[in-house]
Amino acid sequence: MDLQEKIRTIPTEPGVYLYKNAEGEVIYVGKAKNLRSRVASYFHEGRWEDAKTGTLVREAADVEYIVVANNKEALALENNLIKQRKPRFNILLRDDKTYPYVKLTLAERFPRVYVTRRLRKDGSAYYGPYFPGNLAYRIVDLIHRNFLVPSCKVDLTRYHPRPCLQYYIKRCLGPCVKELTTPEIYQEAVRDTKLLLEGRQTDLSRSLRERMEDAAAVQEFERAARYRDLISTVDQLQEKQRIASAEGDDADVFGYHYEGGMLAVNLFHMRRGKVLDRREFFWEDLPEFEGLESGFIPGEFFSTFLKQLYIGQPYVPRNVYVPVEFEDREVLEDLLSEQVAEKSTRPTRINILVPVRGEKRSLIDLAGNNAKQSYDQRFRVMKPNMKAIQEALQDTLGLPDPPKRIECFDISHIQGAETVASMVVWEDGRMKKSDYRKFIIKTVEGVDDFASMREVVTRRYKRIQEEKKPMPSLVLIDGGLGQLHAAAESLESLEIINQPLASIAKREEIIYVYGQENEPIALDHHSPVLHLVQLIRDEAHRFAVTFHRKRRQIRDRSTELREIPGVGENTTRRLLQHFGSVQAVRQADVAALSAVVTRNQAEAIMGHFRK
């Protein structure tokens, strides 16, 4: 059955269709209220003038379909299939960054809080997204200081002999050591944390007040004072939220700029009437628009784009402002409203609006102007300033502050011989060569990059502790997960915790952040952040290789002298230091050699070279 005959057998019900090429690869996914009508429309002669449709129909060799109950189900299924199959002719979501969530690991015996950028079905509770990105870190810090629930990487499935520094500075209850806390006290802190993250400050304040009164009644005044201080903190947070909520509703505002087959989109996040952050999206290879400026259809783009951006997300703002009308707007509104209603006690209607005048249209125009600036900076190769790169690096790696100092390590050897390591330093926008360090590996035999990395990191930061110097903003490792974990073990052995640590793997150029190894960061090859990390990594590699080459040359130069009977390692070193090279030793006479070695050794050296 050829393709045209198969299309005539497709039902007229709502559903999703998948076009495949001759190799069976899915090249396009779409949805329709009437499957047969929509699929057949691709072969109408007038639509071949559209660059996308013409190319798609020429490549399509087969079509499959899935029937669903209604248009909303088709919308959700289409979105899932696009994310799974990544068809070439569909718009695929490409983001410059993801926003952080606060993760509460409820599945653990002693739950902890982390900042993460990826949602997983692992039994944990996720709260967010938060923007600007450092808001999530501020919230987690507040939880550490007030509720003493940690973010450490310590194995809490067993007890340890002593707690880490966080316990002593009163930022953790110490569940890692037996009898420092009890499961009941810890679970109480977790419940309070959960109420705070869920925004239930009134319930939290009431619970804390009851516990304060109970503690005072049994004359446990120190515990009562702690509850009093917590109540004060919660009340202050609640007052700030009341003031902010009176200033306006939550909204996302979109603008775009398309030119020459390349597209930039800006998204403004407005929360309570204020623009809190801006998000950028870029597409630079749009095959469906090839050859025709008019081939870019904004309505079709935003229809696909909003589905991928919002469907399945835990939070969607009440209002979404887009610059153009599109076909599925009302259906998507209904679907997102139902999605939000499932996770909220109060029903909320999601509105996708296309303002044509007034203040809301001005916001869309502002987002469009910013999209034009983003387009110029990305595609017209305008170099961003260092401050912007530092902030982007902070956001990408989830650092608590923009990095001021980065220390990067690399190991170099040839089949385990002359293993050395290097440390280079990037500080305030440039490489600081005066702080570079070389290391000769002393405790490792043979080829063991992981053990070598453990030795070097331990030596470096043990000295930093002894000299009472500050730790860098980021420790960067040249290597993959093995090297990253080796460095982490060294820091843990020194009781250095919560130190930002990352590695960049060769070839794939993937960045792994310690604590988020399951969420590797693959940056766009145009990204200034990737360029900065590569620059530092390459400098560490160059410095290590140069040092290794020098050591190898010294070893190779001394090999021939060590073959002479009666000439040992110390004698060889003295000869090379005095004459500078094996060639100069070869040309020296007995008298010159005797100034450095004994007469017998000098004659043995002369006899060796005469042969």
# chains A, B, ... in the order shown; residues from 1 in each chain; ligands from 1
$ residues_around --residues "Glu338 of chain A" --least-positions-apart "6" --cutoff "12 Å" --atoms "only C-alpha atoms" --output "list in words"
Lys72, Glu73, Ala76, Ile311, Gly312, Pro314, Val316, Val331, Leu332, Ser344, Arg346, Pro347, Thr348, Arg349 and Ile350 of chain A
$ residues_around --residues "Cys172 of chain A" --least-positions-apart "2" --cutoff "7 Å" --atoms "only C-alpha atoms" --output "ChimeraX atom specification"
/A:144,148-150,166-167,170,174
$ closest_residue --among "A:Thr202, A:Val447, A:Thr571, A:Ala107" --to "Leu593 of chain A" --atoms "only C-alpha atoms"
A:Thr571
$ residues_around --residues "Tyr65 of chain A" --least-positions-apart "4" --cutoff "8 Å" --atoms "only C-alpha atoms" --output "VMD selection string"
chain A and resid 10 15 to 18 35
$ select_by_dssp --residues "segment 78-146 of chain A" --states "alpha helix (DSSP H)" --output "NGL selection string"
:A and (78-85 or 134-146)
$ select_by_dssp --residues "segment 276-443 of chain A" --states "strand (DSSP E)" --output "JSON, numbers by chain"
{"A": [276, 277, 278, 279, 280, 281, 282, 283, 319, 320, 321, 351, 352, 353, 405, 406, 407, 408, 409, 410, 411, 412, 413, 414, 417, 418, 419, 420, 421, 422, 423, 424, 425, 426, 427, 430, 431, 437, 438, 439, 440]}
$ write_last_selection --atoms "N, CA and C atoms" --output "compact mmCIF listing (two decimals), in the first residue's frame"
# COMPACT_ATOMS: atom_id res chain seq x y z
N LEU A 276 11.46 39.65 37.08
CA LEU A 276 12.50 39.09 37.94
C LEU A 276 13.67 38.52 37.15
N ASP A 277 13.41 38.05 35.94
CA ASP A 277 14.51 37.45 35.18
C ASP A 277 14.13 37.37 33.71
N ARG A 278 15.17 37.18 32.89
CA ARG A 278 14.98 37.04 31.45
C ARG A 278 15.61 35.74 31.01
N ARG A 279 14.94 35.06 30.10
CA ARG A 279 15.42 33.77 29.60
C ARG A 279 15.57 33.87 28.09
N GLU A 280 16.64 33.28 27.55
CA GLU A 280 16.91 33.37 26.11
C GLU A 280 16.85 31.97 25.48
N PHE A 281 16.33 31.92 24.26
CA PHE A 281 16.28 30.68 23.48
C PHE A 281 16.81 31.00 22.08
N PHE A 282 17.53 30.04 21.48
CA PHE A 282 18.09 30.27 20.16
C PHE A 282 17.90 29.04 19.28
N TRP A 283 17.63 29.29 18.00
CA TRP A 283 17.61 28.25 16.98
C TRP A 283 18.44 28.76 15.81
N ASN A 319 -0.84 34.09 33.75
CA ASN A 319 -0.99 34.74 32.45
C ASN A 319 0.25 34.52 31.59
N VAL A 320 0.04 34.22 30.32
CA VAL A 320 1.12 34.07 29.35
C VAL A 320 0.82 35.00 28.19
N TYR A 321 1.72 35.95 27.92
CA TYR A 321 1.52 36.92 26.85
C TYR A 321 2.40 36.55 25.67
N ASN A 351 -4.35 31.76 31.44
CA ASN A 351 -4.75 32.57 30.29
C ASN A 351 -3.57 32.80 29.35
N ILE A 352 -3.71 32.39 28.09
CA ILE A 352 -2.71 32.68 27.06
C ILE A 352 -3.29 33.81 26.21
N LEU A 353 -2.69 34.98 26.32
CA LEU A 353 -3.27 36.19 25.73
C LEU A 353 -2.36 36.75 24.64
N ARG A 405 37.48 33.21 41.55
CA ARG A 405 38.72 32.44 41.41
C ARG A 405 38.38 30.99 41.12
N ILE A 406 39.00 30.45 40.07
CA ILE A 406 38.82 29.05 39.69
C ILE A 406 40.19 28.40 39.67
N GLU A 407 40.30 27.25 40.35
CA GLU A 407 41.54 26.47 40.32
C GLU A 407 41.27 25.17 39.58
N CYS A 408 42.10 24.90 38.56
CA CYS A 408 41.86 23.75 37.68
C CYS A 408 43.05 22.80 37.73
N PHE A 409 42.77 21.48 37.83
CA PHE A 409 43.80 20.45 37.96
C PHE A 409 43.80 19.52 36.75
N ASP A 410 45.02 19.07 36.37
CA ASP A 410 45.16 18.08 35.30
C ASP A 410 46.32 17.15 35.63
N ILE A 411 46.21 15.89 35.20
CA ILE A 411 47.24 14.88 35.41
C ILE A 411 47.88 14.57 34.06
N SER A 412 49.21 14.38 34.05
CA SER A 412 49.90 14.06 32.80
C SER A 412 50.93 12.97 33.05
N HIS A 413 50.97 11.96 32.14
CA HIS A 413 51.98 10.90 32.21
C HIS A 413 51.99 10.17 30.88
N ILE A 414 52.99 9.33 30.68
CA ILE A 414 53.03 8.43 29.54
C ILE A 414 53.19 7.03 30.08
N ALA A 417 54.68 6.67 33.51
CA ALA A 417 56.03 7.15 33.79
C ALA A 417 56.02 8.65 34.02
N GLU A 418 56.81 9.10 35.01
CA GLU A 418 56.97 10.53 35.30
C GLU A 418 55.61 11.21 35.46
N THR A 419 54.71 10.64 36.25
CA THR A 419 53.38 11.22 36.44
C THR A 419 53.50 12.55 37.19
N VAL A 420 52.91 13.57 36.62
CA VAL A 420 52.92 14.90 37.24
C VAL A 420 51.51 15.47 37.18
N ALA A 421 51.30 16.57 37.86
CA ALA A 421 50.01 17.27 37.84
C ALA A 421 50.25 18.76 37.79
N SER A 422 49.24 19.45 37.32
CA SER A 422 49.33 20.91 37.27
C SER A 422 48.09 21.51 37.90
N MET A 423 48.24 22.71 38.41
CA MET A 423 47.11 23.51 38.87
C MET A 423 47.28 24.91 38.28
N VAL A 424 46.27 25.37 37.53
CA VAL A 424 46.29 26.73 37.01
C VAL A 424 45.16 27.50 37.66
N VAL A 425 45.29 28.82 37.65
CA VAL A 425 44.35 29.68 38.36
C VAL A 425 43.81 30.75 37.42
N TRP A 426 42.48 30.84 37.42
CA TRP A 426 41.78 31.94 36.73
C TRP A 426 41.20 32.83 37.81
N GLU A 427 41.52 34.11 37.75
CA GLU A 427 41.05 35.02 38.80
C GLU A 427 40.66 36.36 38.19
N ARG A 430 41.07 36.70 34.23
CA ARG A 430 42.31 36.37 33.51
C ARG A 430 43.07 35.27 34.24
N MET A 431 43.98 34.63 33.50
CA MET A 431 44.81 33.60 34.09
C MET A 431 45.88 34.25 34.98
N ARG A 437 50.76 26.05 39.99
CA ARG A 437 51.54 25.11 40.79
C ARG A 437 51.79 23.82 40.01
N LYS A 438 52.99 23.22 40.23
CA LYS A 438 53.34 21.93 39.65
C LYS A 438 53.44 20.90 40.78
N PHE A 439 53.05 19.67 40.47
CA PHE A 439 53.11 18.60 41.46
C PHE A 439 53.78 17.37 40.84
N ILE A 440 54.71 16.77 41.57
CA ILE A 440 55.26 15.47 41.20
C ILE A 440 54.54 14.43 42.04
$ atom_distance --atom1 "atom CA of Leu532 of chain A" --atom2 "atom CA of Val275 of chain A"
28.7 Å
$ closest_residue --among "A:Glu333, A:Gln394, A:Gln465, A:Glu259" --to "Pro100 of chain A" --atoms "only C-alpha atoms"
A:Gln394
$ atom_distance --atom1 "atom CA of Leu393 of chain A" --atom2 "atom CA of Leu481 of chain A"
19.8 Å
$ residues_around --residues "Leu104 of chain A" --least-positions-apart "5" --cutoff "10 Å" --atoms "only C-alpha atoms" --output "list in words"
Pro111, Arg112, Val113, Tyr114, Val115, Gly123, Ser124, Ala125, Tyr126, Tyr127, Val149, Ser151, Val190, Thr193, Lys194 and Leu197 of chain A
$ closest_residue --among "A:Ser362, A:Gln84, A:Thr181, A:Asn570" --to "Gln308 of chain A" --atoms "only C-alpha atoms"
A:Gln84
$ closest_residue --among "A:Gly199, A:Asp435, A:Phe89, A:Asp192" --to "Arg211 of chain A" --atoms "only C-alpha atoms"
A:Asp192
